[in-house]
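The file structure_5.cif comes next; it holds mmCIF, C-alpha atoms.
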```cif
data_model
loop_
_atom_site.label_atom_id
_atom_site.label_comp_id
_atom_site.auth_asym_id
_atom_site.auth_seq_id
_atom_site.Cartn_x
_atom_site.Cartn_y
_atom_site.Cartn_z
CA MET V 861 -31.92 -13.58 18.31
CA SER V 862 -32.55 -11.87 15.00
CA PHE V 863 -29.71 -10.59 12.85
CA SER V 864 -30.70 -6.96 13.43
CA ALA V 865 -30.78 -7.53 17.20
CA TRP V 866 -27.35 -9.18 17.03
CA ILE V 867 -25.96 -6.16 15.13
CA THR V 868 -27.45 -3.78 17.72
CA ALA V 869 -25.99 -5.82 20.59
CA HIS V 870 -22.48 -6.07 19.15
CA TYR V 871 -21.95 -2.66 17.54
CA GLU V 872 -21.85 0.64 19.39
CA GLU V 873 -22.56 2.70 16.25
CA LYS V 874 -26.07 3.94 15.55
CA GLY V 875 -28.11 4.41 12.38
CA PRO V 876 -26.77 3.57 8.93
CA VAL V 877 -23.17 3.74 10.18
CA VAL V 878 -23.65 0.43 11.98
CA TRP V 879 -24.41 -1.27 8.67
CA LEU V 880 -21.43 0.36 7.00
CA ALA V 881 -19.17 -0.78 9.85
CA PHE V 882 -20.62 -4.29 9.63
CA PHE V 883 -20.13 -4.40 5.86
CA LEU V 884 -16.53 -3.20 6.04
CA GLU V 885 -15.73 -5.65 8.82
CA LEU V 886 -17.39 -8.42 6.81
CA VAL V 887 -15.19 -7.54 3.82
CA ALA V 888 -12.14 -7.63 6.09
CA ALA V 889 -13.18 -10.96 7.65
CA ILE V 890 -13.84 -12.62 4.29
CA THR V 891 -10.53 -11.30 2.98
CA LEU V 892 -8.69 -12.60 6.03
CA PHE V 893 -10.34 -16.00 5.64
CA PHE V 894 -9.37 -16.03 1.95
CA MET V 895 -5.76 -15.20 2.88
CA MET V 896 -5.72 -18.01 5.43
CA MET V 897 -7.08 -20.53 2.94
CA LEU V 898 -4.69 -19.33 0.23
CA THR V 899 -1.70 -19.65 2.56
CA CYS V 900 -2.77 -23.14 3.64
CA ALA V 901 -3.27 -24.25 0.04
CA ASP V 902 0.05 -22.71 -0.98
CA VAL V 903 1.99 -24.41 1.82
CA PHE V 904 0.20 -27.73 1.31
CA GLY V 905 0.83 -27.60 -2.42
CA ARG V 906 4.46 -26.61 -2.02
CA TYR V 907 5.37 -29.30 0.51
CA PHE V 908 3.08 -32.19 -0.38
CA LEU V 909 2.34 -31.77 -4.08
CA GLY V 910 5.59 -30.13 -5.17
CA ASN V 911 3.78 -27.16 -6.73
CA ALA V 912 2.79 -23.86 -5.11
CA VAL V 913 -0.31 -21.85 -5.97
CA ASP V 914 0.47 -19.64 -8.96
CA GLY V 915 0.13 -15.97 -8.11
CA ALA V 916 -0.20 -16.55 -4.37
CA THR V 917 2.11 -13.64 -3.62
CA GLU V 918 0.07 -11.29 -5.81
CA LEU V 919 -3.20 -12.42 -4.25
CA THR V 920 -1.76 -12.03 -0.75
CA GLU V 921 -0.54 -8.51 -1.49
CA MET V 922 -3.90 -7.43 -2.91
CA SER V 923 -5.79 -9.11 -0.07
CA LEU V 924 -3.65 -7.36 2.50
CA ALA V 925 -4.43 -3.99 0.90
CA ILE V 926 -8.15 -4.79 0.89
CA LEU V 927 -8.02 -5.93 4.52
CA VAL V 928 -6.10 -2.94 5.89
CA PHE V 929 -8.02 -0.29 4.00
CA ALA V 930 -11.41 -1.85 4.80
CA GLU V 931 -10.68 -1.55 8.51
CA MET V 932 -9.11 1.90 8.44
CA PRO V 933 -12.41 3.88 8.34
CA VAL V 934 -13.96 1.69 11.05
CA ILE V 935 -11.01 2.12 13.38
CA THR V 936 -11.01 5.86 12.76
CA TRP V 937 -14.75 6.11 13.43
CA ARG V 938 -14.33 4.28 16.73
CA GLY V 939 -11.28 6.30 17.76
CA GLY V 940 -9.21 3.14 17.95
CA HIS V 941 -5.89 4.52 16.76
CA VAL V 942 -2.85 4.37 18.99
CA VAL V 943 -2.64 7.40 21.27
CA VAL V 944 0.42 8.30 23.29
CA ASP V 945 -0.71 10.10 26.42
CA ILE V 946 2.54 10.53 28.32
CA LEU V 947 2.09 14.27 28.87
CA ASP V 948 -1.69 14.36 29.40
CA ARG V 949 -1.47 14.91 33.16
CA VAL V 950 1.15 17.63 32.78
CA LEU V 951 -0.43 19.64 29.95
CA GLY V 952 -4.04 19.78 31.12
CA GLY V 953 -7.34 18.96 29.47
CA THR V 954 -7.83 22.06 27.32
CA LEU V 955 -4.38 21.93 25.74
CA ILE V 956 -4.77 18.19 25.13
CA LYS V 957 -8.06 18.83 23.29
CA VAL V 958 -6.48 21.59 21.20
CA LEU V 959 -3.53 19.34 20.31
CA GLY V 960 -5.94 16.51 19.53
CA LEU V 961 -7.98 18.79 17.30
CA LEU V 962 -4.83 19.94 15.54
CA SER V 963 -3.67 16.37 15.00
CA ALA V 964 -7.10 15.31 13.68
CA LEU V 965 -7.04 18.19 11.20
CA LEU V 966 -3.47 17.40 10.18
CA ILE V 967 -4.15 13.67 9.75
CA SER V 968 -7.38 14.16 7.80
CA THR V 969 -5.78 16.76 5.52
CA SER V 970 -2.77 14.52 4.94
CA LEU V 971 -5.01 11.54 4.18
CA TYR V 972 -7.07 13.61 1.76
CA PHE V 973 -4.08 14.79 -0.26
CA LEU V 974 -2.49 11.35 -0.10
CA ALA V 975 -5.73 9.88 -1.49
CA VAL V 976 -5.71 12.45 -4.31
CA ARG V 977 -2.20 11.35 -5.29
CA ILE V 978 -3.11 7.67 -4.99
CA HIS V 979 -6.16 8.24 -7.21
CA GLU V 980 -3.93 9.90 -9.82
CA LEU V 981 -1.70 6.82 -9.76
CA ALA V 982 -4.77 4.59 -10.16
CA VAL V 983 -5.95 6.56 -13.18
CA ARG V 984 -2.47 6.32 -14.68
CA SER V 985 -2.33 2.57 -14.02
CA ASN V 986 -5.72 2.04 -15.64
CA SER V 987 -4.85 4.17 -18.67
CA ARG V 988 -1.61 2.25 -19.19
CA GLY V 989 -3.30 -1.10 -18.69
CA GLU V 990 -0.94 -2.17 -15.89
CA VAL V 991 -1.61 -5.69 -14.64
CA THR V 992 0.01 -8.05 -12.17
CA GLU V 993 2.81 -10.25 -13.44
CA PHE V 994 1.32 -13.75 -13.17
CA LEU V 995 -2.45 -13.40 -12.89
CA GLN V 996 -2.86 -10.35 -15.16
CA ILE V 997 -5.18 -8.61 -12.68
CA PRO V 998 -5.54 -4.84 -13.31
CA VAL V 999 -3.61 -2.98 -10.64
CA GLY V 1000 -5.49 0.32 -10.96
CA TYR V 1001 -8.67 -1.00 -9.36
CA ILE V 1002 -6.92 -1.96 -6.13
CA VAL V 1003 -5.06 1.35 -6.08
CA ASP V 1004 -8.33 3.23 -6.61
CA TYR V 1005 -9.91 1.24 -3.76
CA ILE V 1006 -7.05 2.41 -1.52
CA ALA V 1007 -7.71 6.02 -2.53
CA ILE V 1008 -11.46 5.74 -1.87
CA MET V 1009 -10.94 4.20 1.56
CA SER V 1010 -8.34 6.86 2.38
CA TRP V 1011 -10.89 9.56 1.48
CA ALA V 1012 -13.47 7.82 3.68
CA THR V 1013 -10.99 7.68 6.55
CA ALA V 1014 -10.15 11.37 6.12
CA ALA V 1015 -13.85 12.26 6.18
CA LEU V 1016 -14.47 10.17 9.29
CA MET V 1017 -11.44 11.63 11.02
CA ILE V 1018 -12.61 15.17 10.38
CA THR V 1019 -16.23 14.53 11.40
CA TYR V 1020 -16.69 11.94 14.09
CA GLY V 1021 -13.08 12.04 15.25
CA ILE V 1022 -13.40 15.71 16.13
CA TYR V 1023 -16.85 15.11 17.63
CA ARG V 1024 -15.41 12.45 19.91
CA LEU V 1025 -12.56 14.73 20.86
CA LEU V 1026 -14.71 17.73 21.71
CA PHE V 1027 -17.88 16.24 23.14
CA LEU V 1028 -17.17 12.77 24.53
CA SER V 1029 -15.16 12.06 27.67
CA ARG V 1030 -12.02 9.94 27.41
CA ASP V 1031 -12.10 6.42 28.79
#
```

Same coordinates, now as structure tokens:
Amino acid sequence: MSFSAWITAHYEEKGPVVWLAFFLELVAAITLFFMMMLTCADVFGRYFLGNAVDGATELTEMSLAILVFAEMPVITWRGGHVVVDILDRVLGGTLIKVLGLLSALLISTSLYFLAVRIHELAVRSNSRGEVTEFLQIPVGYIVDYIAIMSWATAALMITYGIYRLLFLSRD
């Protein structure tokens, strides 16, 4: 089976979005593997060699941010967020769609303005030259990555999220 055929078989997305989803999931998978190896090395070093990995906490925090914000647009695109549907049978289909549309607009708007504020903090961090305590890694780049992925999530929520809500049937 070719790589392209494997992608087509395992991803429901079509067109260039499938490659974006694959890339973001690859980033998340590599980051998760790095976190696993870092934790193993840190524990092994601490208990068997008497010395932990310097900066392991910083690397874990940054890796967790990369992991979470790499998956956020993919989950949004697939409509994989948690949905509480306790009142769906009582309220009816039309009202549920209107409330879903309202929540998608509210979430995407909130994410957009949150990303604007996060980007401002990233610019401030870069201009001040803020770095992590032990490894001296610039903090602003990770913060800017969070802002960019939040903007991407907001855009996906407003586009495909609303499309799914209005035109696709619920499973």

Explicit residues for the PyMOL selection byres ((chain V and resi 922) around 12) (as a ChimeraX atom specification):
/V:891-892,894-895,915-921,923-929,992,995,997-1003,1005-1006

Write to file, as a PDB file, in the frame of the given file, the residues of the selection just made, with C-alpha atoms.
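The result, stored in part37.pdb:
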```pdb
ATOM      1  CA  THR V 891     -10.530 -11.300   2.980  1.00  0.00           C
ATOM      2  CA  LEU V 892      -8.690 -12.600   6.030  1.00  0.00           C
ATOM      3  CA  PHE V 894      -9.370 -16.030   1.950  1.00  0.00           C
ATOM      4  CA  MET V 895      -5.760 -15.200   2.880  1.00  0.00           C
ATOM      5  CA  GLY V 915       0.130 -15.970  -8.110  1.00  0.00           C
ATOM      6  CA  ALA V 916      -0.200 -16.550  -4.370  1.00  0.00           C
ATOM      7  CA  THR V 917       2.110 -13.640  -3.620  1.00  0.00           C
ATOM      8  CA  GLU V 918       0.070 -11.290  -5.810  1.00  0.00           C
ATOM      9  CA  LEU V 919      -3.200 -12.420  -4.250  1.00  0.00           C
ATOM     10  CA  THR V 920      -1.760 -12.030  -0.750  1.00  0.00           C
ATOM     11  CA  GLU V 921      -0.540  -8.510  -1.490  1.00  0.00           C
ATOM     12  CA  SER V 923      -5.790  -9.110  -0.070  1.00  0.00           C
ATOM     13  CA  LEU V 924      -3.650  -7.360   2.500  1.00  0.00           C
ATOM     14  CA  ALA V 925      -4.430  -3.990   0.900  1.00  0.00           C
ATOM     15  CA  ILE V 926      -8.150  -4.790   0.890  1.00  0.00           C
ATOM     16  CA  LEU V 927      -8.020  -5.930   4.520  1.00  0.00           C
ATOM     17  CA  VAL V 928      -6.100  -2.940   5.890  1.00  0.00           C
ATOM     18  CA  PHE V 929      -8.020  -0.290   4.000  1.00  0.00           C
ATOM     19  CA  THR V 992       0.010  -8.050 -12.170  1.00  0.00           C
ATOM     20  CA  LEU V 995      -2.450 -13.400 -12.890  1.00  0.00           C
ATOM     21  CA  ILE V 997      -5.180  -8.610 -12.680  1.00  0.00           C
ATOM     22  CA  PRO V 998      -5.540  -4.840 -13.310  1.00  0.00           C
ATOM     23  CA  VAL V 999      -3.610  -2.980 -10.640  1.00  0.00           C
ATOM     24  CA  GLY V1000      -5.490   0.320 -10.960  1.00  0.00           C
ATOM     25  CA  TYR V1001      -8.670  -1.000  -9.360  1.00  0.00           C
ATOM     26  CA  ILE V1002      -6.920  -1.960  -6.130  1.00  0.00           C
ATOM     27  CA  VAL V1003      -5.060   1.350  -6.080  1.00  0.00           C
ATOM     28  CA  TYR V1005      -9.910   1.240  -3.760  1.00  0.00           C
ATOM     29  CA  ILE V1006      -7.050   2.410  -1.520  1.00  0.00           C
TER      30      ILE V1006
END
```

Near-His941 (chain V) list (12 Å; all atoms listed in the file; drop same-chain fewer than 3 positions) as a ChimeraX atom specification:
/V:931-938,944,964,967,1013,1017,1021

My list of candidates is V:Thr1019, V:Asn986, V:Thr868, V:Ser968. Which is closest to Asp1004 (chain V) when distances are computed with only C-alpha atoms?
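Closest to Asp1004 (chain V), using only C-alpha atoms: V:Asn986.
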
Can you work out which one of V:Gln996, V:Ser963, V:Thr954, V:Leu1016 has the shortest atom-to-atom distance to Asp914 (chain V), counting all atoms listed in the file?
V:Gln996

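Counting from CA of Met1009 (chain V), the distance to CA of Phe882 (chain V) is 15.2 Å.
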
Rounded to one decimal in Å, what is the spacing between CA of Glu980 (chain V) and CA of Ala1014 (chain V)?
17.2 Å

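Between CA of Ile946 (chain V) and CA of Ala1012 (chain V) lies a distance of 29.5 Å.
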
Best match for closeness to Leu886 (chain V) among V:Ile1018, V:Ala912, V:Val958, V:Ala930, counting all atoms listed in the file:
V:Ala930

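The residue that comes closest to Leu971 (chain V), out of V:Ala1007, V:Ile867, V:Leu951, V:Lys957 and on the basis of only C-alpha atoms, is V:Ala1007.
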
Any idea what's packed within 10 Å of Ile956 (chain V), counting all atoms listed in the file, ignoring anything in its chain fewer than 6 positions away? Could you give it as number ranges by chain?
V: 945, 947-950, 962, 1025

When you count all atoms listed in the file, which of these residues is closest to Trp866 (chain V): V:Ala901, V:Val942, V:Val878, V:Ala889?
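Among the listed residues, V:Val878 lies closest to Trp866 (chain V).
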
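Of the listed residues V:Val976, V:Val887, V:Ala982, V:Val991, the one whose atoms come nearest to Trp1011 (chain V) is V:Val976, with distances taken using all atoms listed in the file.
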
Incomplete region 935-960 of chain V filled out to N, CA, C and O atoms as a PDB file, keeping the file's coordinate frame:
```
ATOM      1  N   ILE V 935     -11.864   1.806  12.233  1.00  0.00           N
ATOM      2  CA  ILE V 935     -11.010   2.120  13.380  1.00  0.00           C
ATOM      3  C   ILE V 935     -10.998   3.614  13.651  1.00  0.00           C
ATOM      4  O   ILE V 935     -11.041   4.055  14.799  1.00  0.00           O
ATOM      5  N   THR V 936     -10.985   4.406  12.591  1.00  0.00           N
ATOM      6  CA  THR V 936     -11.010   5.860  12.760  1.00  0.00           C
ATOM      7  C   THR V 936     -12.320   6.306  13.379  1.00  0.00           C
ATOM      8  O   THR V 936     -12.349   7.148  14.275  1.00  0.00           O
ATOM      9  N   TRP V 937     -13.426   5.738  12.901  1.00  0.00           N
ATOM     10  CA  TRP V 937     -14.750   6.110  13.430  1.00  0.00           C
ATOM     11  C   TRP V 937     -14.846   5.787  14.916  1.00  0.00           C
ATOM     12  O   TRP V 937     -15.432   6.545  15.681  1.00  0.00           O
ATOM     13  N   ARG V 938     -14.261   4.690  15.327  1.00  0.00           N
ATOM     14  CA  ARG V 938     -14.330   4.280  16.730  1.00  0.00           C
ATOM     15  C   ARG V 938     -13.264   4.938  17.599  1.00  0.00           C
ATOM     16  O   ARG V 938     -13.253   4.744  18.812  1.00  0.00           O
ATOM     17  N   GLY V 939     -12.362   5.673  16.986  1.00  0.00           N
ATOM     18  CA  GLY V 939     -11.280   6.300  17.760  1.00  0.00           C
ATOM     19  C   GLY V 939     -10.316   5.267  18.278  1.00  0.00           C
ATOM     20  O   GLY V 939      -9.782   5.411  19.381  1.00  0.00           O
ATOM     21  N   GLY V 940     -10.041   4.242  17.497  1.00  0.00           N
ATOM     22  CA  GLY V 940      -9.210   3.140  17.950  1.00  0.00           C
ATOM     23  C   GLY V 940      -7.744   3.224  17.577  1.00  0.00           C
ATOM     24  O   GLY V 940      -7.023   2.243  17.712  1.00  0.00           O
ATOM     25  N   HIS V 941      -7.297   4.384  17.103  1.00  0.00           N
ATOM     26  CA  HIS V 941      -5.890   4.520  16.760  1.00  0.00           C
ATOM     27  C   HIS V 941      -5.040   4.590  18.021  1.00  0.00           C
ATOM     28  O   HIS V 941      -5.525   4.926  19.106  1.00  0.00           O
ATOM     29  N   VAL V 942      -3.775   4.311  17.870  1.00  0.00           N
ATOM     30  CA  VAL V 942      -2.850   4.370  18.990  1.00  0.00           C
ATOM     31  C   VAL V 942      -2.681   5.823  19.425  1.00  0.00           C
ATOM     32  O   VAL V 942      -2.473   6.710  18.595  1.00  0.00           O
ATOM     33  N   VAL V 943      -2.794   6.067  20.716  1.00  0.00           N
ATOM     34  CA  VAL V 943      -2.640   7.400  21.270  1.00  0.00           C
ATOM     35  C   VAL V 943      -1.584   7.337  22.358  1.00  0.00           C
ATOM     36  O   VAL V 943      -1.663   6.512  23.263  1.00  0.00           O
ATOM     37  N   VAL V 944      -0.602   8.210  22.263  1.00  0.00           N
ATOM     38  CA  VAL V 944       0.420   8.300  23.290  1.00  0.00           C
ATOM     39  C   VAL V 944       0.029   9.445  24.222  1.00  0.00           C
ATOM     40  O   VAL V 944      -0.054  10.590  23.802  1.00  0.00           O
ATOM     41  N   ASP V 945      -0.220   9.102  25.473  1.00  0.00           N
ATOM     42  CA  ASP V 945      -0.710  10.100  26.420  1.00  0.00           C
ATOM     43  C   ASP V 945       0.254  10.314  27.588  1.00  0.00           C
ATOM     44  O   ASP V 945      -0.157  10.459  28.728  1.00  0.00           O
ATOM     45  N   ILE V 946       1.524  10.380  27.274  1.00  0.00           N
ATOM     46  CA  ILE V 946       2.540  10.530  28.320  1.00  0.00           C
ATOM     47  C   ILE V 946       2.404  11.873  29.039  1.00  0.00           C
ATOM     48  O   ILE V 946       2.536  11.956  30.254  1.00  0.00           O
ATOM     49  N   LEU V 947       2.114  12.926  28.300  1.00  0.00           N
ATOM     50  CA  LEU V 947       2.090  14.270  28.870  1.00  0.00           C
ATOM     51  C   LEU V 947       0.683  14.763  29.216  1.00  0.00           C
ATOM     52  O   LEU V 947       0.515  15.946  29.541  1.00  0.00           O
ATOM     53  N   ASP V 948      -0.316  13.923  29.163  1.00  0.00           N
ATOM     54  CA  ASP V 948      -1.690  14.360  29.400  1.00  0.00           C
ATOM     55  C   ASP V 948      -1.883  14.970  30.788  1.00  0.00           C
ATOM     56  O   ASP V 948      -2.577  15.978  30.941  1.00  0.00           O
ATOM     57  N   ARG V 949      -1.296  14.397  31.801  1.00  0.00           N
ATOM     58  CA  ARG V 949      -1.470  14.910  33.160  1.00  0.00           C
ATOM     59  C   ARG V 949      -0.733  16.234  33.360  1.00  0.00           C
ATOM     60  O   ARG V 949      -1.146  17.063  34.149  1.00  0.00           O
ATOM     61  N   VAL V 950       0.342  16.424  32.615  1.00  0.00           N
ATOM     62  CA  VAL V 950       1.150  17.630  32.780  1.00  0.00           C
ATOM     63  C   VAL V 950       0.528  18.809  32.017  1.00  0.00           C
ATOM     64  O   VAL V 950       0.505  19.934  32.511  1.00  0.00           O
ATOM     65  N   LEU V 951       0.024  18.565  30.824  1.00  0.00           N
ATOM     66  CA  LEU V 951      -0.430  19.640  29.950  1.00  0.00           C
ATOM     67  C   LEU V 951      -1.831  20.152  30.264  1.00  0.00           C
ATOM     68  O   LEU V 951      -2.149  21.288  29.940  1.00  0.00           O
ATOM     69  N   GLY V 952      -2.686  19.338  30.807  1.00  0.00           N
ATOM     70  CA  GLY V 952      -4.040  19.780  31.120  1.00  0.00           C
ATOM     71  C   GLY V 952      -5.020  19.455  30.005  1.00  0.00           C
ATOM     72  O   GLY V 952      -4.658  19.275  28.847  1.00  0.00           O
ATOM     73  N   GLY V 953      -6.286  19.407  30.379  1.00  0.00           N
ATOM     74  CA  GLY V 953      -7.340  18.960  29.470  1.00  0.00           C
ATOM     75  C   GLY V 953      -7.573  19.835  28.263  1.00  0.00           C
ATOM     76  O   GLY V 953      -7.766  19.350  27.153  1.00  0.00           O
ATOM     77  N   THR V 954      -7.555  21.153  28.447  1.00  0.00           N
ATOM     78  CA  THR V 954      -7.830  22.060  27.320  1.00  0.00           C
ATOM     79  C   THR V 954      -6.739  21.982  26.265  1.00  0.00           C
ATOM     80  O   THR V 954      -7.030  21.898  25.071  1.00  0.00           O
ATOM     81  N   LEU V 955      -5.493  22.007  26.700  1.00  0.00           N
ATOM     82  CA  LEU V 955      -4.380  21.930  25.740  1.00  0.00           C
ATOM     83  C   LEU V 955      -4.367  20.576  25.035  1.00  0.00           C
ATOM     84  O   LEU V 955      -4.083  20.511  23.840  1.00  0.00           O
ATOM     85  N   ILE V 956      -4.713  19.529  25.737  1.00  0.00           N
ATOM     86  CA  ILE V 956      -4.770  18.190  25.130  1.00  0.00           C
ATOM     87  C   ILE V 956      -5.840  18.163  24.038  1.00  0.00           C
ATOM     88  O   ILE V 956      -5.635  17.615  22.958  1.00  0.00           O
ATOM     89  N   LYS V 957      -7.008  18.784  24.311  1.00  0.00           N
ATOM     90  CA  LYS V 957      -8.060  18.830  23.290  1.00  0.00           C
ATOM     91  C   LYS V 957      -7.638  19.653  22.085  1.00  0.00           C
ATOM     92  O   LYS V 957      -7.913  19.292  20.952  1.00  0.00           O
ATOM     93  N   VAL V 958      -6.950  20.761  22.319  1.00  0.00           N
ATOM     94  CA  VAL V 958      -6.480  21.590  21.200  1.00  0.00           C
ATOM     95  C   VAL V 958      -5.456  20.815  20.374  1.00  0.00           C
ATOM     96  O   VAL V 958      -5.514  20.816  19.135  1.00  0.00           O
ATOM     97  N   LEU V 959      -4.523  20.148  21.031  1.00  0.00           N
ATOM     98  CA  LEU V 959      -3.530  19.340  20.310  1.00  0.00           C
ATOM     99  C   LEU V 959      -4.193  18.178  19.582  1.00  0.00           C
ATOM    100  O   LEU V 959      -3.800  17.831  18.462  1.00  0.00           O
ATOM    101  N   GLY V 960      -5.195  17.585  20.196  1.00  0.00           N
ATOM    102  CA  GLY V 960      -5.940  16.510  19.530  1.00  0.00           C
ATOM    103  C   GLY V 960      -6.687  17.010  18.313  1.00  0.00           C
ATOM    104  O   GLY V 960      -6.719  16.345  17.264  1.00  0.00           O
TER     105      GLY V 960
END
```
